[in-house]
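Student: Below you'll find structure_9.txt; it's compact mmCIF, C-alpha atoms.
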```
# COMPACT_ATOMS: atom_id res chain seq x y z
CA MET U 1 6.95 29.23 -1.68
CA ILE U 2 3.95 30.57 -3.62
CA GLY U 3 4.82 28.52 -6.68
CA PHE U 4 5.29 25.35 -4.67
CA SER U 5 2.08 25.77 -2.66
CA THR U 6 0.02 26.59 -5.76
CA LEU U 7 1.27 23.58 -7.72
CA PHE U 8 0.89 21.35 -4.68
CA TYR U 9 -2.71 22.53 -4.21
CA LYS U 10 -3.41 21.94 -7.89
CA GLU U 11 -2.06 18.37 -7.65
CA LEU U 12 -4.13 17.67 -4.54
CA LEU U 13 -7.29 18.87 -6.28
CA ARG U 14 -6.46 16.83 -9.36
CA PHE U 15 -6.72 13.50 -7.58
CA TRP U 16 -9.26 14.53 -4.96
CA LYS U 17 -11.81 15.60 -7.58
CA VAL U 18 -11.91 11.98 -8.73
CA SER U 19 -11.34 10.41 -5.31
CA PHE U 20 -13.74 7.59 -6.09
CA GLN U 21 -11.25 6.42 -8.70
CA THR U 22 -7.97 7.50 -7.10
CA VAL U 23 -8.64 6.62 -3.44
CA LEU U 24 -11.70 4.40 -2.98
CA ALA U 25 -11.04 2.09 -5.93
CA PRO U 26 -7.50 1.17 -4.79
CA VAL U 27 -8.82 0.55 -1.27
CA LEU U 28 -11.43 -1.85 -2.66
CA THR U 29 -8.88 -3.65 -4.85
CA THR U 30 -6.51 -4.15 -1.93
CA LEU U 31 -9.29 -5.47 0.27
CA LEU U 32 -10.14 -8.05 -2.38
CA TYR U 33 -6.55 -9.31 -2.13
CA LEU U 34 -6.97 -9.50 1.64
CA LEU U 35 -10.26 -11.39 1.43
CA ILE U 36 -8.99 -13.95 -1.07
CA PHE U 37 -5.59 -14.67 0.44
CA SER U 38 -6.72 -14.61 4.05
CA TYR U 39 -9.65 -16.93 3.32
CA VAL U 40 -7.48 -19.45 1.45
CA LEU U 41 -4.31 -19.38 3.56
CA SER U 42 -5.12 -17.99 7.00
CA LYS U 43 -5.43 -21.44 8.63
CA ARG U 44 -2.54 -23.02 6.74
CA ILE U 45 0.32 -20.54 7.19
CA GLU U 46 1.89 -18.86 10.20
CA VAL U 47 4.81 -16.62 9.26
CA TYR U 48 5.59 -15.12 12.67
CA PRO U 49 4.91 -16.94 15.97
CA GLY U 50 1.60 -15.79 17.42
CA VAL U 51 0.72 -13.68 14.36
CA SER U 52 -2.06 -14.92 12.10
CA TYR U 53 -1.48 -14.89 8.37
CA THR U 54 -4.28 -12.35 7.94
CA ALA U 55 -2.61 -9.99 10.40
CA PHE U 56 0.76 -10.57 8.67
CA LEU U 57 -0.80 -9.75 5.32
CA ILE U 58 -2.37 -6.42 6.28
CA PRO U 59 0.78 -4.26 6.66
CA GLY U 60 2.19 -5.61 3.39
CA LEU U 61 -1.00 -4.83 1.50
CA VAL U 62 -1.24 -1.39 3.10
CA MET U 63 2.32 -0.56 2.06
CA MET U 64 1.89 -2.01 -1.43
CA SER U 65 -1.20 0.13 -2.02
CA MET U 66 0.65 3.21 -0.75
CA LEU U 67 3.60 2.57 -3.07
CA GLN U 68 1.55 1.89 -6.18
CA ASN U 69 -0.69 4.91 -5.69
CA SER U 70 2.20 7.25 -4.95
CA PHE U 71 3.74 6.19 -8.26
CA ALA U 72 0.43 6.50 -10.07
CA ASN U 73 -0.21 10.02 -8.82
CA SER U 74 2.91 11.76 -10.09
CA SER U 75 3.32 9.66 -13.24
CA SER U 76 -0.28 10.00 -14.42
CA SER U 77 -0.35 13.73 -13.75
CA LEU U 78 2.77 14.39 -15.80
CA ILE U 79 1.90 12.15 -18.74
CA GLN U 80 -1.60 13.63 -18.95
CA SER U 81 -0.16 17.13 -18.94
CA LYS U 82 2.37 16.22 -21.64
CA VAL U 83 -0.14 14.46 -23.90
CA THR U 84 -2.78 17.19 -23.62
CA GLY U 85 -0.19 19.96 -23.92
CA ASN U 86 -1.05 21.79 -20.71
CA ILE U 87 2.39 21.04 -19.23
CA VAL U 88 3.32 24.44 -20.65
CA PHE U 89 1.29 26.11 -17.90
CA VAL U 90 3.55 24.47 -15.32
CA LEU U 91 6.78 25.21 -17.20
CA LEU U 92 6.13 28.88 -18.01
CA PRO U 93 5.87 30.22 -14.42
CA PRO U 94 9.19 30.89 -12.64
CA LEU U 95 9.16 27.61 -10.73
CA SER U 96 12.47 26.18 -9.60
CA ALA U 97 13.31 22.52 -10.05
CA MET U 98 12.86 22.11 -6.28
CA ASP U 99 9.36 23.68 -6.41
CA PHE U 100 8.37 21.39 -9.27
CA PHE U 101 9.84 18.32 -7.60
CA GLY U 102 8.52 19.11 -4.12
CA ALA U 103 4.93 19.75 -5.23
CA TYR U 104 4.58 16.56 -7.26
CA LEU U 105 6.35 14.52 -4.59
CA ALA U 106 4.29 15.89 -1.69
CA ALA U 107 1.00 15.27 -3.53
CA SER U 108 2.09 11.68 -4.25
CA VAL U 109 2.89 11.10 -0.59
CA VAL U 110 -0.49 12.52 0.48
CA ARG U 111 -2.39 10.26 -1.92
CA GLY U 112 -0.33 7.24 -0.87
CA PHE U 113 -1.06 7.85 2.81
CA MET U 114 -4.77 8.44 2.16
CA VAL U 115 -5.09 5.11 0.35
CA GLY U 116 -2.99 3.31 2.95
CA LEU U 117 -5.04 4.73 5.82
CA GLY U 118 -8.25 3.70 4.08
CA VAL U 119 -7.00 0.14 3.63
CA LEU U 120 -5.79 -0.02 7.23
CA LEU U 121 -9.05 1.24 8.71
CA VAL U 122 -11.25 -1.15 6.76
CA ALA U 123 -8.83 -4.06 7.33
CA GLN U 124 -9.35 -3.79 11.06
CA ILE U 125 -12.61 -5.64 10.49
CA TYR U 126 -10.62 -8.77 9.68
CA ALA U 127 -7.68 -8.49 12.06
CA LEU U 128 -6.92 -5.80 14.61
CA THR U 129 -3.27 -4.87 14.08
CA PRO U 130 -2.36 -1.72 16.01
CA PRO U 131 1.27 -0.74 15.29
CA VAL U 132 3.74 -1.74 17.99
CA HIS U 133 6.28 0.85 16.81
CA ILE U 134 4.25 3.51 15.04
CA PHE U 135 7.31 5.71 14.47
CA TRP U 136 8.95 3.02 12.33
CA ALA U 137 5.75 2.50 10.36
CA ILE U 138 5.41 6.23 9.61
CA VAL U 139 9.08 6.64 8.66
CA PHE U 140 9.06 3.70 6.25
CA GLY U 141 5.72 4.85 4.88
CA LEU U 142 7.10 8.33 4.17
CA PHE U 143 10.29 7.05 2.56
CA GLY U 144 8.39 4.42 0.56
CA CYS U 145 5.87 6.91 -0.82
CA GLY U 146 8.70 9.34 -1.48
CA ILE U 147 10.68 6.79 -3.48
CA LEU U 148 7.67 5.82 -5.59
CA GLY U 149 6.75 9.47 -6.02
CA CYS U 150 10.25 10.05 -7.43
CA LEU U 151 9.93 7.05 -9.73
CA GLY U 152 6.55 8.36 -10.86
CA ILE U 153 8.06 11.73 -11.77
CA ILE U 154 10.92 10.03 -13.62
CA ALA U 155 8.49 7.80 -15.52
CA GLY U 156 6.19 10.73 -16.31
CA VAL U 157 9.08 12.85 -17.55
CA TRP U 158 10.55 10.01 -19.63
CA ALA U 159 7.34 8.67 -21.17
CA GLU U 160 5.96 10.36 -24.25
CA LYS U 161 2.73 8.38 -24.45
CA PHE U 162 0.53 6.29 -22.19
CA ASP U 163 1.88 3.00 -23.60
CA GLN U 164 5.39 3.79 -22.39
CA LEU U 165 4.13 4.69 -18.94
CA ALA U 166 2.08 1.48 -18.78
CA ALA U 167 5.18 -0.52 -19.72
CA PHE U 168 7.20 1.17 -16.96
CA GLN U 169 4.53 0.30 -14.42
CA ASN U 170 3.77 -3.23 -15.64
CA PHE U 171 7.37 -4.38 -16.11
CA ILE U 172 9.08 -2.58 -13.22
CA ILE U 173 6.74 -1.32 -10.49
CA VAL U 174 4.23 -4.18 -10.35
CA PRO U 175 6.79 -7.06 -10.37
CA LEU U 176 8.95 -5.38 -7.73
CA SER U 177 5.84 -4.81 -5.59
CA PHE U 178 4.55 -8.39 -5.77
CA LEU U 179 8.02 -9.92 -5.28
CA SER U 180 8.83 -7.83 -2.20
CA GLY U 181 7.45 -10.08 0.52
CA VAL U 182 3.92 -8.70 0.65
CA PHE U 183 2.40 -12.19 0.73
CA TYR U 184 5.26 -14.17 2.26
CA SER U 185 8.45 -14.04 4.29
CA ILE U 186 11.65 -14.32 2.27
CA HIS U 187 12.79 -17.04 4.70
CA SER U 188 10.22 -19.31 3.07
CA LEU U 189 12.01 -18.99 -0.29
CA PRO U 190 14.81 -21.22 -1.65
CA PRO U 191 18.30 -19.80 -0.93
CA PHE U 192 18.80 -18.37 -4.43
CA TRP U 193 15.54 -16.43 -4.49
CA ARG U 194 16.05 -15.38 -0.88
CA GLN U 195 19.29 -13.70 -1.89
CA MET U 196 17.72 -12.19 -5.00
CA SER U 197 15.01 -10.61 -2.85
CA ARG U 198 17.68 -8.65 -1.01
CA PHE U 199 18.39 -6.72 -4.23
CA ASN U 200 14.79 -5.52 -4.35
CA PRO U 201 14.47 -2.14 -2.59
CA PHE U 202 10.71 -2.66 -2.26
CA PHE U 203 11.43 -5.57 0.08
CA TYR U 204 13.15 -3.28 2.60
CA MET U 205 10.28 -0.77 2.50
CA ILE U 206 7.66 -3.42 3.22
CA ASP U 207 9.75 -5.36 5.72
CA GLY U 208 10.52 -2.19 7.68
CA PHE U 209 6.89 -1.09 7.55
CA ARG U 210 5.80 -4.50 8.84
CA TYR U 211 8.31 -4.19 11.69
CA GLY U 212 6.39 -1.13 12.83
CA PHE U 213 3.33 -3.33 13.35
CA PHE U 214 4.77 -6.46 14.95
CA GLY U 215 8.27 -5.61 16.09
CA LEU U 216 9.35 -8.56 13.91
CA SER U 217 11.07 -8.48 10.53
CA ASP U 218 13.23 -10.50 8.16
CA VAL U 219 15.97 -7.85 8.20
CA ALA U 220 17.06 -5.48 10.98
CA PRO U 221 14.99 -2.28 10.62
CA GLN U 222 18.10 -0.11 10.92
CA GLN U 223 19.60 -1.81 7.87
CA SER U 224 16.34 -1.48 5.95
CA LEU U 225 16.08 2.20 6.86
CA LEU U 226 19.63 2.87 5.68
CA ILE U 227 18.96 1.25 2.30
CA VAL U 228 15.59 2.94 1.87
CA ALA U 229 16.92 6.39 2.86
CA ALA U 230 19.90 6.06 0.51
CA SER U 231 17.56 5.01 -2.32
CA PHE U 232 15.34 8.01 -1.68
CA LEU U 233 18.23 10.48 -1.65
CA GLY U 234 19.73 9.02 -4.83
CA LEU U 235 16.42 9.06 -6.71
CA SER U 236 15.64 12.58 -5.47
CA ALA U 237 18.96 13.86 -6.79
CA LEU U 238 18.37 12.14 -10.15
CA THR U 239 14.82 13.48 -10.42
CA ILE U 240 15.78 17.06 -9.56
CA GLY U 241 18.62 16.85 -12.10
CA LEU U 242 16.24 15.73 -14.87
CA ILE U 243 13.78 18.51 -14.05
CA HIS U 244 16.53 21.13 -13.91
CA ARG U 245 17.78 20.08 -17.35
CA GLY U 246 14.25 20.08 -18.72
CA TYR U 247 14.70 16.53 -19.98
CA LYS U 248 11.77 15.76 -22.32
CA LEU U 249 9.88 18.66 -20.77
CA ARG U 250 11.20 21.56 -22.82
CA GLY U 251 11.52 21.30 -26.54
```
Just dump the structure as structure tokens.
Tutor:
Amino acid sequence: MIGFSTLFYKELLRFWKVSFQTVLAPVLTTLLYLLIFSYVLSKRIEVYPGVSYTAFLIPGLVMMSMLQNSFANSSSSLIQSKVTGNIVFVLLPPLSAMDFFGAYLAASVVRGFMVGLGVLLVAQIYALTPPVHIFWAIVFGLFGCGILGCLGIIAGVWAEKFDQLAAFQNFIIVPLSFLSGVFYSIHSLPPFWRQMSRFNPFFYMIDGFRYGFFGLSDVAPQQSLLIVAASFLGLSALTIGLIHRGYKLRG
């Protein structure tokens, strides 16, 4: 466990040393979304009975910020190490694929939860939304950050330059995040797009996380949890396999 704990500590320090950029900046960005959308739409839309649009918006924004920052943590760390050449200092020690995977994944989850907690605490100024089922919120938060941490490792391993990583994020992660029901319920969509949303795994993460706050959701939380857990296990197996093979890591 020495290798895992050392690499995990190194990854924590990496983002914490620049916490103004990696934690505070995403919190501020997410709060700007909350201010704009809640100001414009709070009196015009009611998604769930008895739940204001601002309150509805908060869990979605919290989860979206957690997902995006979990992805950013592992992907940016790996691509920076590959471009600068210091990835060799991670590959030379006798680290197993599980140590490598676990350290990067755990650090991504920690950063995701730190950003999410920051957004949630500051958002209480606008709408007090204590979780009704905190267990569900934590479980979906863990699985969501884990999935995006895996995707970040895959993207970081695959990409050979920053442009490729930016393309992965801009054309896959960001669209799936914004089209996952953060700002709306899928029941407000036309039938075709409602069905298309069900193929987006991000939707189940956010819908399940929102259930933890209101006890209300577009899909049964058990179904969402099954899909999210299966996605996490599948991506974990793929990621560990890539690391074990040394795909684009070892020349």
Student: Which value, in Å to one decimal, gives the distance between atom CA of U:Val109 and atom CA of U:Tyr184?
Tutor: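 Separation between atom CA of U:Val109 and atom CA of U:Tyr184: 25.5 Å.
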Student: Could you pull the residues within 9 Å of stretch 29-31 of chain U, counting all atoms listed in the file, minus those fewer than 2 positions along the same chain, as a ChimeraX atom specification?
Tutor: /U:24-27,33-36,61-62,64-65,119,122-123
Student: Between atom CA of U:Leu148 and atom CA of U:Gln68, what distance in Å does the model show, to one decimal?
Tutor: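 Answer for the atom CA of U:Leu148 to atom CA of U:Gln68 separation: 7.3 Å.
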Student: Given only C-alpha atoms as the basis, pick out the residue of U:Leu189, U:Leu242, U:Ile79, U:Ile227 nearest to U:Gln164.
Tutor: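 Among the listed residues, U:Ile79 lies closest to U:Gln164.
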Student: At a cut-off of 12 Å around the point (-4.3, 11.3, -19.5) (file coordinates), what residues fall inside when counting only C-alpha atoms? I'd like the answer as a PyMOL selection string.
Tutor: chain U and resi 14+72-87+156+160-163+165-166
Student: Tell me, as a JSON list (two decimals) with C-alpha atoms, in the coordinates of the input, which residues lie within 7 Å of U:His133, counting all atoms listed in the file; anything in the same chain fewer than 4 positions away does not count.
Tutor:
```json
[["chain", "number", "residue", "atom", "x", "y", "z"],
["U", 137, "ALA", "CA", 5.75, 2.50, 10.36],
["U", 212, "GLY", "CA", 6.39, -1.13, 12.83],
["U", 213, "PHE", "CA", 3.33, -3.33, 13.35],
["U", 215, "GLY", "CA", 8.27, -5.61, 16.09]]
```
Student: Hey, could you patch up stretch 184-216 of chain U with N, CA and C atoms and hand it over as a tab-separated table (two decimals), in the frame of the given file?
Tutor:
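Result file result.tsv:
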```tsv
chain	number	residue	atom	x	y	z
U	184	TYR	N	4.45	-13.10	1.68
U	184	TYR	CA	5.26	-14.17	2.26
U	184	TYR	C	6.49	-13.57	2.93
U	185	SER	N	7.15	-14.40	3.73
U	185	SER	CA	8.45	-14.04	4.29
U	185	SER	C	9.53	-14.58	3.37
U	186	ILE	N	10.60	-13.84	3.18
U	186	ILE	CA	11.65	-14.32	2.27
U	186	ILE	C	12.34	-15.57	2.82
U	187	HIS	N	12.19	-15.84	4.13
U	187	HIS	CA	12.79	-17.04	4.70
U	187	HIS	C	12.09	-18.31	4.23
U	188	SER	N	10.92	-18.15	3.62
U	188	SER	CA	10.22	-19.31	3.07
U	188	SER	C	10.68	-19.64	1.65
U	189	LEU	N	11.56	-18.80	1.09
U	189	LEU	CA	12.01	-18.99	-0.29
U	189	LEU	C	13.26	-19.87	-0.32
U	190	PRO	N	13.53	-20.51	-1.47
U	190	PRO	CA	14.81	-21.22	-1.65
U	190	PRO	C	15.96	-20.23	-1.52
U	191	PRO	N	17.16	-20.70	-1.18
U	191	PRO	CA	18.30	-19.80	-0.93
U	191	PRO	C	18.57	-18.80	-2.06
U	192	PHE	N	18.51	-19.26	-3.32
U	192	PHE	CA	18.80	-18.37	-4.43
U	192	PHE	C	17.84	-17.19	-4.47
U	193	TRP	N	16.53	-17.49	-4.40
U	193	TRP	CA	15.54	-16.43	-4.49
U	193	TRP	C	15.52	-15.58	-3.22
U	194	ARG	N	15.93	-16.16	-2.12
U	194	ARG	CA	16.05	-15.38	-0.88
U	194	ARG	C	17.11	-14.29	-1.04
U	195	GLN	N	18.23	-14.67	-1.66
U	195	GLN	CA	19.29	-13.70	-1.89
U	195	GLN	C	18.89	-12.66	-2.94
U	196	MET	N	18.18	-13.11	-3.96
U	196	MET	CA	17.72	-12.19	-5.00
U	196	MET	C	16.76	-11.14	-4.43
U	197	SER	N	15.96	-11.54	-3.46
U	197	SER	CA	15.01	-10.61	-2.85
U	197	SER	C	15.72	-9.45	-2.15
U	198	ARG	N	16.94	-9.69	-1.72
U	198	ARG	CA	17.68	-8.65	-1.01
U	198	ARG	C	18.16	-7.55	-1.95
U	199	PHE	N	18.05	-7.76	-3.26
U	199	PHE	CA	18.39	-6.72	-4.23
U	199	PHE	C	17.17	-5.90	-4.62
U	200	ASN	N	16.03	-6.23	-4.05
U	200	ASN	CA	14.79	-5.52	-4.35
U	200	ASN	C	14.55	-4.46	-3.28
U	201	PRO	N	14.67	-3.17	-3.61
U	201	PRO	CA	14.47	-2.14	-2.59
U	201	PRO	C	13.06	-2.13	-2.00
U	202	PHE	N	12.08	-2.61	-2.77
U	202	PHE	CA	10.71	-2.66	-2.26
U	202	PHE	C	10.62	-3.59	-1.05
U	203	PHE	N	11.45	-4.63	-1.04
U	203	PHE	CA	11.43	-5.57	0.08
U	203	PHE	C	11.75	-4.85	1.39
U	204	TYR	N	12.74	-3.97	1.38
U	204	TYR	CA	13.15	-3.28	2.60
U	204	TYR	C	12.08	-2.29	3.07
U	205	MET	N	11.37	-1.68	2.12
U	205	MET	CA	10.28	-0.77	2.50
U	205	MET	C	9.18	-1.54	3.23
U	206	ILE	N	8.77	-2.66	2.66
U	206	ILE	CA	7.66	-3.42	3.22
U	206	ILE	C	8.08	-4.13	4.50
U	207	ASP	N	9.29	-4.67	4.53
U	207	ASP	CA	9.75	-5.36	5.72
U	207	ASP	C	9.89	-4.38	6.89
U	208	GLY	N	10.41	-3.19	6.62
U	208	GLY	CA	10.52	-2.19	7.68
U	208	GLY	C	9.17	-1.69	8.14
U	209	PHE	N	8.25	-1.52	7.20
U	209	PHE	CA	6.89	-1.09	7.55
U	209	PHE	C	6.21	-2.14	8.41
U	210	ARG	N	6.40	-3.40	8.07
U	210	ARG	CA	5.80	-4.50	8.84
U	210	ARG	C	6.40	-4.56	10.25
U	211	TYR	N	7.69	-4.23	10.37
U	211	TYR	CA	8.31	-4.19	11.69
U	211	TYR	C	7.59	-3.20	12.60
U	212	GLY	N	7.12	-2.11	12.03
U	212	GLY	CA	6.39	-1.13	12.83
U	212	GLY	C	5.12	-1.68	13.44
U	213	PHE	N	4.56	-2.74	12.84
U	213	PHE	CA	3.33	-3.33	13.35
U	213	PHE	C	3.58	-4.44	14.36
U	214	PHE	N	4.59	-5.27	14.11
U	214	PHE	CA	4.77	-6.46	14.95
U	214	PHE	C	6.06	-6.46	15.76
U	215	GLY	N	6.97	-5.56	15.44
U	215	GLY	CA	8.27	-5.61	16.09
U	215	GLY	C	9.08	-6.80	15.62
U	216	LEU	N	8.68	-7.41	14.50
U	216	LEU	CA	9.35	-8.56	13.91
U	216	LEU	C	9.61	-8.27	12.44
```
